[in-house]
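Data first, discussion second: the structure below is written as structure tokens.
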Amino acid sequence: MAQSAISQHAAALAGIPSQPTAATVRPLAAVKPGYRLVPARIGRSTDEGVTVHIPCPSWCIVDHVAEHSVFLEDINHQGQRVAMNFAPSRGDRVPVEVYVSEWPASREEDGPSLAVDLDYEVATYGRTAALSLADQLVAFAADVRRLAQTLPDDAPAPIRSQADEALRRVRGEAV
């Protein structure tokens, strides 16, 4: 009886596709050494978007979920920033920042580069150009030091007590 029940359904079972064997399953691409898979949020800023996993270099400090890129091509990896501020005598400080940057979907850049952000204008340099820039900065710093040494010594500000200041104000003298 069991034999006949199975034979009834043999034709139906033959139409069901079989599962792929291990030989037909493609393995997932391995993540390159120095990279890890991290979540990234992709989509319009007005909706929640979708979370995808992207290879991210170990030096990248960007939270790709919090950054919420609109397109996958907008994802940018950035390393730790090193900054120096130039403080002019009047006005806002002008920041100069350097960091390692990579736009994985860019056709113009091939791999990481040194990004130099001067007052929100960013230029990128490959290894050779970045080392040349460093040499130029060392030479510039030597010139700044040489010129600074030609200046007279800073005179210490006169030390005035609060009592002296109060007495000058009472007398109407210039403070």
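Lettering and numbering for the structure tokens are positional, with chains as A, B, ... in the shown order, residues counted from 1 in each chain, and ligands counted from 1 in the shown order.
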> Neighbours of segment 111-116 of chain A within 6 Å (only C-alpha atoms; same-chain residues fewer than 3 positions away dropped), as a VMD selection string?
Replying inline: chain A and resid 97 to 102 122 to 126
>> Excluding segment 40-42 of chain A and its own-chain neighbours fewer than 4 positions away, which residues fall within 12 Å of it when counting only C-alpha atoms? Please give them as JSON, numbers by chain.
In response: {"A": [46, 47, 48, 49, 50, 51, 52, 53, 54, 55, 56, 62, 63, 64, 65, 66, 67, 68, 69, 70, 71, 72, 73, 74, 75, 76, 77]}
> What gap, in Å, lies between atom CA of Asp119 of chain A and atom CA of Ala134 of chain A?
Replying inline: 18.7 Å
>> If you run DSSP on the backbone here, which positions in segment 55-167 of chain A get helix (DSSP H, G or I)? Please write them as a PyMOL selection string.
In response: chain A and resi 64-67+72-74+127-149+162-167
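Minimum distance to Ala83 of chain A across A:Asp117, A:Val38, A:Pro33, A:Pro104 (counting only C-alpha atoms) occurs at A:Asp117.
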